[in-house]
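Below is protein.cif, holding mmCIF, C-alpha atoms and all ligand atoms.
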data_input
#
loop_
_atom_site.label_atom_id
_atom_site.label_comp_id
_atom_site.auth_asym_id
_atom_site.auth_seq_id
_atom_site.Cartn_x
_atom_site.Cartn_y
_atom_site.Cartn_z
CA MET X 1 65.63 101.23 67.53
CA SER X 2 64.24 98.89 64.92
CA SER X 3 60.89 97.27 65.63
CA PRO X 4 60.92 93.94 67.52
CA ILE X 5 57.84 92.77 65.61
CA TRP X 6 57.99 89.58 63.54
CA HIS X 7 55.41 90.14 60.81
CA PRO X 8 53.41 87.39 59.05
CA PHE X 9 54.32 86.41 55.47
CA THR X 10 57.23 88.87 55.64
CA GLN X 11 60.91 88.26 54.89
CA HIS X 12 62.55 90.73 57.24
CA GLY X 13 65.95 90.02 55.64
CA LEU X 14 64.83 91.90 52.52
CA GLU X 15 64.22 95.04 54.56
CA GLU X 16 61.22 96.05 52.51
CA PRO X 17 59.53 99.15 53.96
CA ILE X 18 56.75 98.46 56.48
CA PRO X 19 54.40 101.46 56.50
CA LEU X 20 53.13 102.65 59.86
CA ILE X 21 49.37 103.15 59.61
CA GLU X 22 47.68 105.49 62.06
CA ARG X 23 44.05 105.44 61.07
CA ALA X 24 41.67 104.40 58.33
CA GLU X 25 38.36 105.38 56.83
CA GLY X 26 36.47 103.86 53.92
CA ALA X 27 39.04 102.45 51.50
CA LEU X 28 41.82 104.75 52.72
CA LEU X 29 44.67 104.02 55.13
CA HIS X 30 46.39 107.07 56.64
CA CYS X 31 50.12 106.59 57.28
CA ALA X 32 52.11 108.20 60.09
CA ASP X 33 54.21 110.16 57.56
CA GLY X 34 51.08 111.90 56.27
CA SER X 35 50.73 109.83 53.09
CA THR X 36 47.74 107.62 52.31
CA LEU X 37 47.22 104.18 50.79
CA ILE X 38 44.15 102.94 48.94
CA ASP X 39 43.38 99.52 50.37
CA GLY X 40 42.84 97.53 47.18
CA ILE X 41 42.72 94.16 48.91
CA SER X 42 40.49 94.95 51.89
CA SER X 43 43.43 94.36 54.26
CA TRP X 44 43.69 90.67 53.36
CA TRP X 45 40.10 90.26 52.17
CA VAL X 46 38.69 91.22 55.55
CA THR X 47 37.18 94.72 55.39
CA THR X 48 33.88 94.61 53.51
CA HIS X 49 31.88 97.86 53.78
CA GLY X 50 34.94 100.03 54.49
CA HIS X 51 37.31 100.70 57.37
CA CYS X 52 35.91 102.09 60.62
CA HIS X 53 32.28 101.79 59.52
CA PRO X 54 30.36 104.06 61.90
CA ARG X 55 27.62 101.53 62.77
CA ILE X 56 30.16 98.83 63.55
CA ALA X 57 32.48 101.18 65.46
CA ALA X 58 29.54 102.42 67.58
CA ALA X 59 28.44 98.85 68.38
CA ILE X 60 31.98 97.98 69.47
CA ALA X 61 32.25 101.04 71.71
CA GLU X 62 28.88 100.36 73.31
CA GLN X 63 29.60 96.68 73.94
CA ALA X 64 33.12 97.36 75.29
CA GLY X 65 31.55 99.23 78.21
CA ARG X 66 28.93 96.56 78.90
CA LEU X 67 30.44 93.06 78.70
CA ASP X 68 33.94 92.60 77.31
CA GLN X 69 34.66 88.88 77.61
CA LEU X 70 32.87 85.78 78.83
CA ILE X 71 33.78 82.12 79.09
CA PHE X 72 31.59 80.58 76.40
CA ALA X 73 31.54 77.04 77.80
CA GLY X 74 28.23 76.81 79.65
CA HIS X 75 27.52 80.57 79.36
CA THR X 76 26.02 82.81 76.71
CA HIS X 77 25.33 86.46 75.94
CA GLU X 78 22.89 88.37 73.78
CA PRO X 79 25.36 89.56 71.09
CA ALA X 80 26.31 85.92 70.38
CA GLU X 81 22.66 84.84 70.36
CA GLU X 82 21.84 87.67 67.94
CA VAL X 83 24.70 86.76 65.61
CA ALA X 84 23.78 83.07 65.63
CA ARG X 85 20.13 83.83 64.82
CA GLY X 86 21.15 86.40 62.20
CA LEU X 87 23.64 84.07 60.54
CA LEU X 88 21.15 81.24 60.28
CA GLY X 89 18.61 83.67 58.81
CA LEU X 90 21.03 84.45 55.97
CA ALA X 91 22.88 81.15 55.51
CA PRO X 92 21.97 78.36 53.07
CA ALA X 93 19.06 76.17 54.19
CA GLY X 94 19.92 73.11 56.24
CA LEU X 95 22.49 74.79 58.47
CA THR X 96 20.98 75.03 61.94
CA ARG X 97 23.86 75.31 64.42
CA VAL X 98 26.57 77.91 64.93
CA PHE X 99 29.93 77.19 66.58
CA PHE X 100 32.07 80.29 67.18
CA SER X 101 35.83 80.59 66.96
CA ASP X 102 38.21 83.41 66.12
CA SER X 103 39.82 83.04 62.70
CA GLY X 104 39.28 81.45 59.32
CA SER X 105 41.83 78.77 60.16
CA THR X 106 40.08 77.83 63.38
CA SER X 107 36.70 77.73 61.64
CA VAL X 108 38.24 75.19 59.25
CA GLU X 109 39.84 73.17 62.07
CA VAL X 110 36.44 73.07 63.78
CA ALA X 111 34.69 71.92 60.59
CA LEU X 112 37.25 69.13 60.06
CA LYS X 113 37.02 67.98 63.67
CA MET X 114 33.23 68.10 63.59
CA ALA X 115 33.16 66.02 60.40
CA LEU X 116 35.62 63.40 61.66
CA GLY X 117 33.88 63.22 65.02
CA TYR X 118 30.50 62.88 63.31
CA TRP X 119 31.58 59.65 61.63
CA HIS X 120 33.13 58.40 64.84
CA ARG X 121 29.93 59.08 66.76
CA ARG X 122 27.97 57.19 64.10
CA GLY X 123 30.14 54.16 64.74
CA GLU X 124 31.67 54.36 61.28
CA PRO X 125 35.07 56.02 61.82
CA ARG X 126 36.40 57.74 58.72
CA HIS X 127 39.67 59.64 58.55
CA ARG X 128 40.08 60.73 54.96
CA ILE X 129 39.41 64.28 53.77
CA LEU X 130 39.05 65.19 50.10
CA VAL X 131 40.34 68.58 48.98
CA LEU X 132 40.50 70.64 45.83
CA GLU X 133 43.86 71.16 44.13
CA HIS X 134 45.22 74.71 44.73
CA GLY X 135 42.96 75.13 47.77
CA TYR X 136 43.99 77.29 50.75
CA HIS X 137 42.30 77.04 54.14
CA GLY X 138 44.71 78.67 56.60
CA ASP X 139 48.03 78.14 58.32
CA THR X 140 47.35 75.92 61.32
CA ILE X 141 48.45 72.30 60.92
CA GLY X 142 45.02 70.90 60.05
CA ALA X 143 44.18 73.79 57.73
CA MET X 144 47.57 73.42 56.01
CA SER X 145 46.96 69.68 55.64
CA VAL X 146 43.84 70.32 53.57
CA GLY X 147 45.56 73.06 51.54
CA GLN X 148 47.73 72.82 48.47
CA ARG X 149 51.19 71.51 49.30
CA GLY X 150 53.79 74.05 48.29
CA VAL X 151 55.66 77.13 49.31
CA PHE X 152 53.36 77.98 52.26
CA ASN X 153 53.76 74.65 54.04
CA ARG X 154 56.68 72.72 52.53
CA ARG X 155 58.67 72.74 55.78
CA TYR X 156 55.88 71.08 57.71
CA GLU X 157 54.99 68.48 55.13
CA PRO X 158 56.02 65.44 57.22
CA LEU X 159 53.53 66.56 59.88
CA LEU X 160 50.60 67.18 57.55
CA PHE X 161 47.97 64.46 57.27
CA ASP X 162 47.28 62.73 53.97
CA VAL X 163 44.34 63.90 51.89
CA GLY X 164 42.76 62.93 48.59
CA THR X 165 43.29 65.74 46.07
CA ILE X 166 40.68 66.39 43.39
CA PRO X 167 42.08 68.18 40.30
CA PHE X 168 41.01 71.81 39.95
CA PRO X 169 38.07 72.06 37.51
CA ALA X 170 39.88 74.34 35.05
CA GLU X 171 38.00 75.35 31.92
CA GLY X 172 37.49 72.29 29.73
CA ARG X 173 38.47 69.91 32.54
CA GLU X 174 35.40 70.28 34.73
CA GLN X 175 34.04 66.80 34.04
CA ALA X 176 37.40 65.18 34.80
CA SER X 177 37.39 66.92 38.16
CA LEU X 178 33.83 65.77 38.89
CA ASP X 179 34.66 62.22 37.84
CA ALA X 180 37.67 62.25 40.17
CA LEU X 181 35.48 63.40 43.06
CA ASP X 182 32.89 60.74 42.24
CA ALA X 183 35.56 58.02 42.21
CA ALA X 184 37.22 59.28 45.41
CA CYS X 185 33.87 59.31 47.23
CA GLN X 186 33.50 55.59 46.43
CA SER X 187 37.02 54.50 47.37
CA ALA X 188 37.47 51.70 49.89
CA ASP X 189 38.92 54.23 52.36
CA LYS X 190 35.58 56.07 52.53
CA PRO X 191 36.11 59.85 52.89
CA ALA X 192 34.62 61.74 55.81
CA ALA X 193 34.29 65.03 53.98
CA PHE X 194 35.17 67.13 50.96
CA ILE X 195 36.31 70.72 51.60
CA ALA X 196 36.50 73.46 48.99
CA GLU X 197 36.31 77.20 48.50
CA PRO X 198 33.19 77.58 46.32
CA LEU X 199 33.51 79.45 42.97
CA ILE X 200 37.00 80.86 43.48
CA LEU X 201 40.18 79.62 45.13
CA GLY X 202 41.84 82.64 46.74
CA ALA X 203 45.44 82.24 47.89
CA GLY X 204 45.85 79.40 45.37
CA GLY X 205 45.83 82.02 42.60
CA MET X 206 42.35 83.59 42.36
CA LEU X 207 41.21 80.63 40.26
CA ILE X 208 37.56 80.84 39.25
CA TYR X 209 35.38 77.85 38.41
CA PRO X 210 31.71 77.69 37.44
CA ALA X 211 28.74 77.47 39.80
CA TRP X 212 27.39 74.36 38.06
CA VAL X 213 30.55 72.51 39.10
CA VAL X 214 29.95 73.44 42.74
CA THR X 215 26.34 72.22 42.35
CA GLU X 216 27.57 68.92 40.93
CA MET X 217 30.26 68.54 43.59
CA ALA X 218 27.69 68.99 46.35
CA ALA X 219 25.38 66.49 44.64
CA ILE X 220 28.16 63.89 44.34
CA CYS X 221 28.98 64.28 48.04
CA ARG X 222 25.30 63.92 48.96
CA ARG X 223 24.86 60.87 46.73
CA HIS X 224 27.79 59.08 48.38
CA GLY X 225 27.16 60.23 51.94
CA VAL X 226 30.32 62.35 52.15
CA LEU X 227 30.03 65.61 54.11
CA TRP X 228 30.50 68.78 52.03
CA ILE X 229 32.37 71.58 53.79
CA ALA X 230 32.13 75.00 52.13
CA ASP X 231 35.01 77.26 53.14
CA GLU X 232 33.39 80.68 52.66
CA VAL X 233 36.08 82.47 54.66
CA MET X 234 37.09 84.49 51.58
CA THR X 235 34.09 84.00 49.28
CA GLY X 236 31.52 84.99 51.90
CA TRP X 237 30.15 88.45 52.65
CA GLY X 238 29.43 89.44 49.08
CA ARG X 239 32.83 89.05 47.44
CA THR X 240 31.48 86.87 44.62
CA GLY X 241 28.36 88.99 44.07
CA THR X 242 26.04 87.12 46.43
CA LEU X 243 26.22 87.06 50.22
CA PHE X 244 27.63 83.52 50.11
CA ALA X 245 29.11 81.88 47.01
CA CYS X 246 27.15 78.67 47.67
CA GLU X 247 23.94 80.54 46.85
CA GLN X 248 24.97 80.81 43.19
CA ALA X 249 25.35 77.04 43.03
CA ASP X 250 22.29 76.23 45.11
CA ALA X 251 24.65 73.85 46.88
CA ALA X 252 23.77 73.80 50.58
CA PRO X 253 26.74 72.48 52.54
CA ASP X 254 26.74 70.27 55.64
CA LEU X 255 29.32 72.55 57.23
CA MET X 256 30.19 76.12 56.32
CA CYS X 257 33.13 78.23 57.52
CA VAL X 258 32.81 82.01 57.79
CA ALA X 259 35.25 84.58 59.22
CA LYS X 260 36.96 87.72 57.83
CA GLY X 261 33.92 89.87 56.86
CA LEU X 262 31.71 88.41 59.60
CA THR X 263 32.39 91.53 61.68
CA GLY X 264 32.60 93.71 58.58
CA GLY X 265 36.33 93.27 59.12
CA ALA X 266 36.61 95.15 62.40
CA LEU X 267 37.40 92.37 64.88
CA PRO X 268 38.45 88.71 64.72
CA LEU X 269 35.48 86.37 64.83
CA ALA X 270 34.65 83.20 62.93
CA ALA X 271 31.88 80.64 62.88
CA THR X 272 31.40 77.10 61.66
CA LEU X 273 27.78 76.47 60.71
CA ALA X 274 26.63 72.86 60.95
CA SER X 275 23.60 70.82 59.93
CA GLU X 276 21.28 69.42 62.57
CA ALA X 277 22.43 65.87 61.75
CA ILE X 278 26.00 66.77 62.69
CA PHE X 279 24.94 68.50 65.90
CA GLU X 280 22.71 65.56 66.82
CA ALA X 281 25.55 63.09 66.36
CA TYR X 282 27.20 64.64 69.43
CA TRP X 283 23.94 64.78 71.45
CA SER X 284 24.15 62.36 74.33
CA ASP X 285 23.80 62.09 78.09
CA ASP X 286 27.49 61.19 78.34
CA ARG X 287 29.91 64.09 78.82
CA ALA X 288 32.60 62.08 77.02
CA ASP X 289 30.63 62.51 73.78
CA MET X 290 30.65 66.32 73.65
CA PHE X 291 32.51 68.24 70.92
CA TYR X 292 35.93 68.98 72.39
CA HIS X 293 37.03 72.27 70.94
CA SER X 294 37.37 75.77 72.29
CA SER X 295 39.58 78.81 72.38
CA SER X 296 39.64 81.48 75.08
CA TYR X 297 38.02 84.17 72.96
CA THR X 298 35.26 81.99 71.50
CA ALA X 299 32.31 84.31 70.76
CA ASN X 300 33.98 87.32 72.36
CA PRO X 301 31.07 89.71 73.13
CA ILE X 302 32.72 92.78 71.57
CA ALA X 303 33.48 90.88 68.36
CA CYS X 304 29.91 89.54 68.38
CA ALA X 305 28.53 93.08 68.78
CA ALA X 306 30.54 94.07 65.69
CA ALA X 307 29.18 91.04 63.81
CA SER X 308 25.66 91.83 64.91
CA ALA X 309 26.01 95.39 63.56
CA ASN X 310 27.42 93.94 60.33
CA LEU X 311 24.45 91.59 59.96
CA ALA X 312 22.09 94.54 60.52
CA ILE X 313 23.86 96.41 57.71
CA TRP X 314 23.36 93.39 55.44
CA ARG X 315 19.66 93.20 56.36
CA GLU X 316 18.90 96.91 56.16
CA GLU X 317 21.17 98.36 53.48
CA ASP X 318 21.50 97.55 49.79
CA VAL X 319 24.96 96.00 50.09
CA LEU X 320 24.44 93.69 47.12
CA GLY X 321 23.36 96.66 44.95
CA CYS X 322 26.55 98.44 45.97
CA ILE X 323 28.62 95.36 45.11
CA ALA X 324 26.87 95.09 41.72
CA SER X 325 27.89 98.62 40.75
CA LEU X 326 31.38 98.10 42.12
CA SER X 327 31.67 94.93 40.01
CA GLN X 328 30.60 96.96 36.99
CA SER X 329 33.39 99.51 37.57
CA ILE X 330 35.91 96.70 37.99
CA ALA X 331 34.66 95.08 34.75
CA THR X 332 35.09 98.35 32.86
CA HIS X 333 38.67 98.75 34.06
CA MET X 334 39.46 95.08 33.41
CA GLY X 335 38.10 95.55 29.87
CA THR X 336 40.64 98.29 29.18
CA LEU X 337 43.48 95.96 30.22
CA SER X 338 42.21 92.92 28.31
CA SER X 339 44.15 93.79 25.15
CA HIS X 340 47.33 94.82 26.99
CA PRO X 341 50.10 92.50 25.79
CA ALA X 342 51.74 92.18 29.21
CA PHE X 343 48.69 90.58 30.85
CA GLU X 344 46.93 87.26 30.44
CA ASN X 345 44.09 85.30 32.07
CA GLY X 346 42.07 88.35 33.10
CA ARG X 347 39.23 87.09 35.27
CA GLN X 348 36.53 88.44 37.55
CA ILE X 349 33.78 87.25 39.79
CA GLY X 350 31.71 89.80 41.68
CA ALA X 351 34.05 92.22 43.41
CA ILE X 352 37.20 90.16 42.86
CA ALA X 353 39.36 90.53 39.75
CA ALA X 354 42.78 89.15 38.86
CA LEU X 355 45.20 89.00 35.97
CA ASP X 356 48.56 87.37 35.45
CA ILE X 357 51.55 89.49 34.45
CA LYS X 358 53.43 87.62 31.74
CA THR X 359 56.87 86.71 33.00
CA GLY X 360 59.38 83.92 32.61
CA ASP X 361 59.34 83.62 36.38
CA ALA X 362 55.71 82.84 37.35
CA GLY X 363 54.60 81.54 40.76
CA TYR X 364 54.29 82.82 44.31
CA LEU X 365 58.06 83.36 44.71
CA SER X 366 58.35 85.22 41.42
CA ASP X 367 60.94 88.02 41.68
CA ILE X 368 58.40 90.29 40.09
CA ALA X 369 56.30 90.33 43.31
CA PRO X 370 58.49 92.59 45.49
CA ALA X 371 59.05 94.94 42.54
CA LEU X 372 55.28 95.15 42.03
CA ARG X 373 54.65 95.74 45.72
CA SER X 374 57.11 98.60 45.87
CA LEU X 375 55.71 100.20 42.71
CA PHE X 376 52.20 100.02 44.18
CA LEU X 377 53.43 101.46 47.48
CA GLU X 378 55.08 104.36 45.62
CA ARG X 379 51.75 104.99 43.89
CA GLY X 380 49.92 105.07 47.25
CA LEU X 381 48.22 101.69 46.90
CA LEU X 382 47.96 98.60 49.04
CA LEU X 383 48.05 95.77 46.50
CA ARG X 384 49.83 92.53 47.36
CA PRO X 385 50.23 90.32 44.29
CA LEU X 386 50.36 86.55 44.65
CA GLY X 387 53.65 86.24 42.79
CA ASN X 388 52.91 87.45 39.25
CA ILE X 389 49.15 87.42 39.85
CA VAL X 390 47.81 90.90 40.49
CA TYR X 391 44.36 91.05 41.99
CA VAL X 392 41.95 93.57 43.48
CA MET X 393 39.41 92.81 46.18
CA PRO X 394 38.46 96.26 47.43
CA PRO X 395 36.13 97.38 50.22
CA TYR X 396 32.65 98.04 48.83
CA CYS X 397 32.89 101.81 49.44
CA THR X 398 35.83 102.24 47.02
CA THR X 399 35.19 105.28 44.82
CA GLY X 400 35.52 105.69 41.05
CA GLY X 401 38.59 107.90 41.50
CA GLN X 402 40.22 105.30 43.72
CA PHE X 403 39.56 102.61 41.08
CA ASP X 404 41.14 104.81 38.42
CA ARG X 405 44.30 105.01 40.52
CA LEU X 406 44.36 101.27 41.25
CA PHE X 407 44.03 100.29 37.60
CA GLU X 408 46.39 103.01 36.29
CA ALA X 409 49.08 101.53 38.55
CA ILE X 410 48.27 97.98 37.43
CA LYS X 411 48.67 99.10 33.81
CA GLU X 412 51.97 100.77 34.69
CA ALA X 413 53.09 97.51 36.35
CA GLY X 414 52.33 95.65 33.11
CA ASP X 415 54.18 98.27 31.06
CA ARG X 416 57.26 98.09 33.29
CA PHE X 417 57.51 94.47 34.35
CA GLY X 418 55.49 92.31 31.96
CA SER X 419 57.01 90.43 29.07
CA ARG X 420 55.10 90.44 25.79
N1 LIG R 501 40.08 79.85 54.30
C1 LIG R 501 40.23 80.66 53.26
C2 LIG R 501 39.48 80.38 51.99
C3 LIG R 501 41.06 81.78 53.34
O1 LIG R 501 41.21 82.57 52.27
C4 LIG R 501 41.73 82.03 54.55
C5 LIG R 501 42.62 83.22 54.68
O2 LIG R 501 42.92 83.92 53.76
C6 LIG R 501 41.56 81.16 55.61
C7 LIG R 501 40.71 80.08 55.46
C8 LIG R 501 42.28 81.40 56.91
O3 LIG R 501 41.73 82.50 57.55
P1 LIG R 501 42.54 83.25 58.72
O4 LIG R 501 43.67 83.95 58.07
O5 LIG R 501 41.53 84.18 59.31
O6 LIG R 501 42.98 82.19 59.67
#
Could you render the structure as C-alpha cells?
Ligand code: PLP
Amino acid sequence: MSSPIWHPFTQHGLEEPIPLIERAEGALLHCADGSTLIDGISSWWVTTHGHCHPRIAAAIAEQAGRLDQLIFAGHTHEPAEEVARGLLGLAPAGLTRVFFSDSGSTSVEVALKMALGYWHRRGEPRHRILVLEHGYHGDTIGAMSVGQRGVFNRRYEPLLFDVGTIPFPAEGREQASLDALDAACQSADKPAAFIAEPLILGAGGMLIYPAWVVTEMAAICRRHGVLWIADEVMTGWGRTGTLFACEQADAAPDLMCVAKGLTGGALPLAATLASEAIFEAYWSDDRADMFYHSSSYTANPIACAAASANLAIWREEDVLGCIASLSQSIATHMGTLSSHPAFENGRQIGAIAALDIKTGDAGYLSDIAPALRSLFLERGLLLRPLGNIVYVMPPYCTTGGQFDRLFEAIKEAGDRFGSR
C-alpha cells in the first residue's frame, strides 16, 4: 500500500522517490535499502554539530525518564531555566527575557505579537510591520505576511496583512535600501517593527548582504523608535561564522527569534528573546494585560534538555573553530567552480555557500530543480536546490571526503543542466 503521508513542500502528483531513512550519524543518513545520503543541507538547516550527537542524545534519554512534559503557564522546570540563562549568556546584549515556543514560525509570530502588543500597551497602537524584500519567516499566516509574496503564499494573499517592503540591499544598492527604511520609519503610519534575517536571506535565494548594512538598519530603527526584530532562525547557531549573525554587525535587536539549531537540531524548540522594555510593557497587576500566547508544548522539558546540552557544547567545545575550517573547505571547493561557465553568482558566508545554475528558466519553480534533486539523490546526496539555486549548508562534522562528493556532484549538475 502506498504511504498515507502528505509531505511538506512535496508535489505527490510527480511521484518523485521519497527515501525511507532509518538512522543517521554525523552528516550521514542511512536509508532502509542500505544506501546512504550525505546531508548537505543539515536536514533543512536544522542539524548543526551532526545527527545523533552523543551528548544531546544522552541528555534527551535522561530527561525522557525524569519529566517529559509540563504545562508552562504558571509552572517551570530546570531544563527551561538552564536554557534561558544559557541563551541570555550568549545572546546580544540588551536581550533579557526568553519566551519559548516550538518552531521558527511560532518564534516569529510571537515576536510580531510582542511588538504590536508593546505599542498597544504604551498607548500608542501601531499596526505596520516593515520587512525586507525576498525575506522568508515561515509558513503560518503571520509569518507568511511578513515574507516575500510569491510562490509559497500566493493562494493565501487575500488573508495576509499589509506590510511595508524595503528593497533588498543588493550590491551597489545598499544606500537606496537604507534610505527606504529611513523613510518608511518616518511615515505617517508609524511602523511597529522591522523584521529581517541578518546577513543572508535563506529561502528567498541565499542572498547575502553586508554586516554594515545590518548595523545601519538597526541604527535607523533605533533612531526612529521602531523595534528591530532579528530572525536568526536560519542564521543562528554558527551558520554565518559567528554564533549569531547580529554579532558581526554589532546590531543588538529588540527581539530575536531562534529555533532550528537551538537543540542542535534534535528536537523542535524555539525561543523569542526580548528586551526588558518590551517585557516591562506587559508588566501590570491586571491579568488582562498579560501576553496572550502559548502552545501546548511550550518549553517541552525533553526539548529543553537537548537545548541545554547544545548550549554546553557551544560553551565547552571549539564549535566556531570547527566552522572556520569547514568554511575554508567550502571556499576551496567554491573556488574550483568559480570559472565554470554553467554557474554564476557564487557566494558564501561562513558555512553557507550557494551558486546559480545558468538557465533560461530561473526561479523556484524552475524545471531544473527536480532534475537536480534526482541527480543528487542518485549520487547519494541530500541537496535540495531552491529552483536553479544550488546551495550547501552542511552539519559542522562534514568530512573532507564528503565535501569532495558534494561538490563533484554540483559540478556534474552544472555540466549536465547549465546553459553557458
Ligand atoms: N525564519 C527563517 C529565517 C527560516 O529560514 C525559517 C525556516 O526555514 C523559519 C523562520 C520558519 O521556521 P520553521 O520551519 O521551524 O517554522
So that I can check the surroundings of Asp102 of chain X, please list as an mmCIF file with C-alpha atoms, in the coordinates of the input every protein, DNA and RNA residue that reaches within 10 Å of it, counting all atoms listed in the file and ignoring chain neighbours fewer than 3 positions away.
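After the write, part-v6.cif holds the following:
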data_model
loop_
_atom_site.group_PDB
_atom_site.id
_atom_site.type_symbol
_atom_site.label_atom_id
_atom_site.label_comp_id
_atom_site.auth_asym_id
_atom_site.auth_seq_id
_atom_site.Cartn_x
_atom_site.Cartn_y
_atom_site.Cartn_z
ATOM 1 C CA SER X 105 41.830 78.770 60.160
ATOM 2 C CA THR X 106 40.080 77.830 63.380
ATOM 3 C CA SER X 107 36.700 77.730 61.640
ATOM 4 C CA ALA X 259 35.250 84.580 59.220
ATOM 5 C CA LYS X 260 36.960 87.720 57.830
ATOM 6 C CA LEU X 267 37.400 92.370 64.880
ATOM 7 C CA PRO X 268 38.450 88.710 64.720
ATOM 8 C CA LEU X 269 35.480 86.370 64.830
ATOM 9 C CA ALA X 270 34.650 83.200 62.930
ATOM 10 C CA ALA X 271 31.880 80.640 62.880
ATOM 11 C CA SER X 294 37.370 75.770 72.290
ATOM 12 C CA SER X 295 39.580 78.810 72.380
ATOM 13 C CA SER X 296 39.640 81.480 75.080
ATOM 14 C CA TYR X 297 38.020 84.170 72.960
ATOM 15 C CA THR X 298 35.260 81.990 71.500
ATOM 16 C CA ALA X 299 32.310 84.310 70.760
ATOM 17 C CA ASN X 300 33.980 87.320 72.360
ATOM 18 C CA ALA X 303 33.480 90.880 68.360
#
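Omitting Ala32 of chain X and its sequence neighbours fewer than 4 positions away, and counting only C-alpha atoms, the residues within 6 Å are Leu20, Ile21 and Glu22 of chain X.
Nearest residue to ligand LIG 501 (chain R) among X:Ala307, X:Val233, X:Ala180, X:Ala192 is X:Val233, counting all atoms listed in the file.
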Listing only residues of segment 183-233 of chain X within 12 Å of segment 45-59 of chain X, what is the closest atom pair and its distance in Å (to one decimal) for each, using all atoms listed in the file, sorted by chain and residue number ascending, as a tab-separated table?
residue	atom	partner	partner_atom	distance
X:Gly202	CA	X:Trp45	CA	9.5
X:Ala203	CA	X:Trp45	CA	10.5
X:Glu232	CA	X:Trp45	CA	11.7
X:Val233	CA	X:Trp45	CA	9.1
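The spacing separating atom CA of Ala251 of chain X from atom CA of Ile229 of chain X amounts to 10.6 Å.
Checking X:Pro370, X:Gly225, X:Gly401, X:Pro394 one by one against Pro17 of chain X, counting only C-alpha atoms, you find the shortest gap at X:Pro370.
Near Ile38 of chain X, within 10 Å and counting all atoms listed in the file, sit Ala24, Gly26, Ala27, Leu28, Leu29, His30, Phe376, Leu377, Arg379, Gly380, Leu381, Leu382, Leu383, Pro394, Pro395, Thr398, Gln402, Phe403, Arg405 and Leu406 of chain X; same-chain residues fewer than 5 positions away were not included.
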Would you mind exporting C-alpha atoms of the selected residues as an mmCIF file, in the coordinates of the input?
data_model
loop_
_atom_site.group_PDB
_atom_site.id
_atom_site.type_symbol
_atom_site.label_atom_id
_atom_site.label_comp_id
_atom_site.auth_asym_id
_atom_site.auth_seq_id
_atom_site.Cartn_x
_atom_site.Cartn_y
_atom_site.Cartn_z
ATOM 1 C CA ALA X 24 41.670 104.400 58.330
ATOM 2 C CA GLY X 26 36.470 103.860 53.920
ATOM 3 C CA ALA X 27 39.040 102.450 51.500
ATOM 4 C CA LEU X 28 41.820 104.750 52.720
ATOM 5 C CA LEU X 29 44.670 104.020 55.130
ATOM 6 C CA HIS X 30 46.390 107.070 56.640
ATOM 7 C CA PHE X 376 52.200 100.020 44.180
ATOM 8 C CA LEU X 377 53.430 101.460 47.480
ATOM 9 C CA ARG X 379 51.750 104.990 43.890
ATOM 10 C CA GLY X 380 49.920 105.070 47.250
ATOM 11 C CA LEU X 381 48.220 101.690 46.900
ATOM 12 C CA LEU X 382 47.960 98.600 49.040
ATOM 13 C CA LEU X 383 48.050 95.770 46.500
ATOM 14 C CA PRO X 394 38.460 96.260 47.430
ATOM 15 C CA PRO X 395 36.130 97.380 50.220
ATOM 16 C CA THR X 398 35.830 102.240 47.020
ATOM 17 C CA GLN X 402 40.220 105.300 43.720
ATOM 18 C CA PHE X 403 39.560 102.610 41.080
ATOM 19 C CA ARG X 405 44.300 105.010 40.520
ATOM 20 C CA LEU X 406 44.360 101.270 41.250
#
Requested in this report: Pick out the closest residue to ligand LIG 501 (chain R) from this set: X:Ile313, X:Val110, X:Ala91, X:Ile278. Count all atoms listed in the file.
Outcome: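 Ranked by minimum distance to ligand LIG 501 (chain R), first place goes to X:Val110.
Picture a line from atom CA of Ala64 of chain X to atom C7 of ligand LIG 501 (chain R); it runs 27.4 Å.
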**Report entry** For Ala183 of chain X: contacts at 12 Å, only C-alpha atoms, fewer than 3 positions along chain excluded, given as a VMD selection string
**Finding:** chain X and resid 130 164 to 166 176 to 180 186 to 191 217 220 to 221 223 to 224
Hey, can you spit out that residue selection with C-alpha atoms as a PDB file, in the frame of the given file?
ATOM      1  CA  LEU X 130      39.050  65.190  50.100  1.00  0.00           C
ATOM      2  CA  GLY X 164      42.760  62.930  48.590  1.00  0.00           C
ATOM      3  CA  THR X 165      43.290  65.740  46.070  1.00  0.00           C
ATOM      4  CA  ILE X 166      40.680  66.390  43.390  1.00  0.00           C
ATOM      5  CA  ALA X 176      37.400  65.180  34.800  1.00  0.00           C
ATOM      6  CA  SER X 177      37.390  66.920  38.160  1.00  0.00           C
ATOM      7  CA  LEU X 178      33.830  65.770  38.890  1.00  0.00           C
ATOM      8  CA  ASP X 179      34.660  62.220  37.840  1.00  0.00           C
ATOM      9  CA  ALA X 180      37.670  62.250  40.170  1.00  0.00           C
ATOM     10  CA  GLN X 186      33.500  55.590  46.430  1.00  0.00           C
ATOM     11  CA  SER X 187      37.020  54.500  47.370  1.00  0.00           C
ATOM     12  CA  ALA X 188      37.470  51.700  49.890  1.00  0.00           C
ATOM     13  CA  ASP X 189      38.920  54.230  52.360  1.00  0.00           C
ATOM     14  CA  LYS X 190      35.580  56.070  52.530  1.00  0.00           C
ATOM     15  CA  PRO X 191      36.110  59.850  52.890  1.00  0.00           C
ATOM     16  CA  MET X 217      30.260  68.540  43.590  1.00  0.00           C
ATOM     17  CA  ILE X 220      28.160  63.890  44.340  1.00  0.00           C
ATOM     18  CA  CYS X 221      28.980  64.280  48.040  1.00  0.00           C
ATOM     19  CA  ARG X 223      24.860  60.870  46.730  1.00  0.00           C
ATOM     20  CA  HIS X 224      27.790  59.080  48.380  1.00  0.00           C
TER      21      HIS X 224
END
Considering all atoms listed in the file, return as a PDB file with C-alpha atoms, in the coordinates of the input whatever protein or nucleic-acid residues lie within 9 Å of Glu157 of chain X, sequence-local ones (same chain, fewer than 5 positions apart) excluded.
ATOM      1  CA  MET X 144      47.570  73.420  56.010  1.00  0.00           C
ATOM      2  CA  SER X 145      46.960  69.680  55.640  1.00  0.00           C
ATOM      3  CA  ARG X 149      51.190  71.510  49.300  1.00  0.00           C
ATOM      4  CA  GLY X 150      53.790  74.050  48.290  1.00  0.00           C
TER       5      GLY X 150
END
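Rounded to one decimal, atom O6 of ligand LIG 501 (chain R) and atom CA of Thr263 of chain X lie 14.3 Å from each other.
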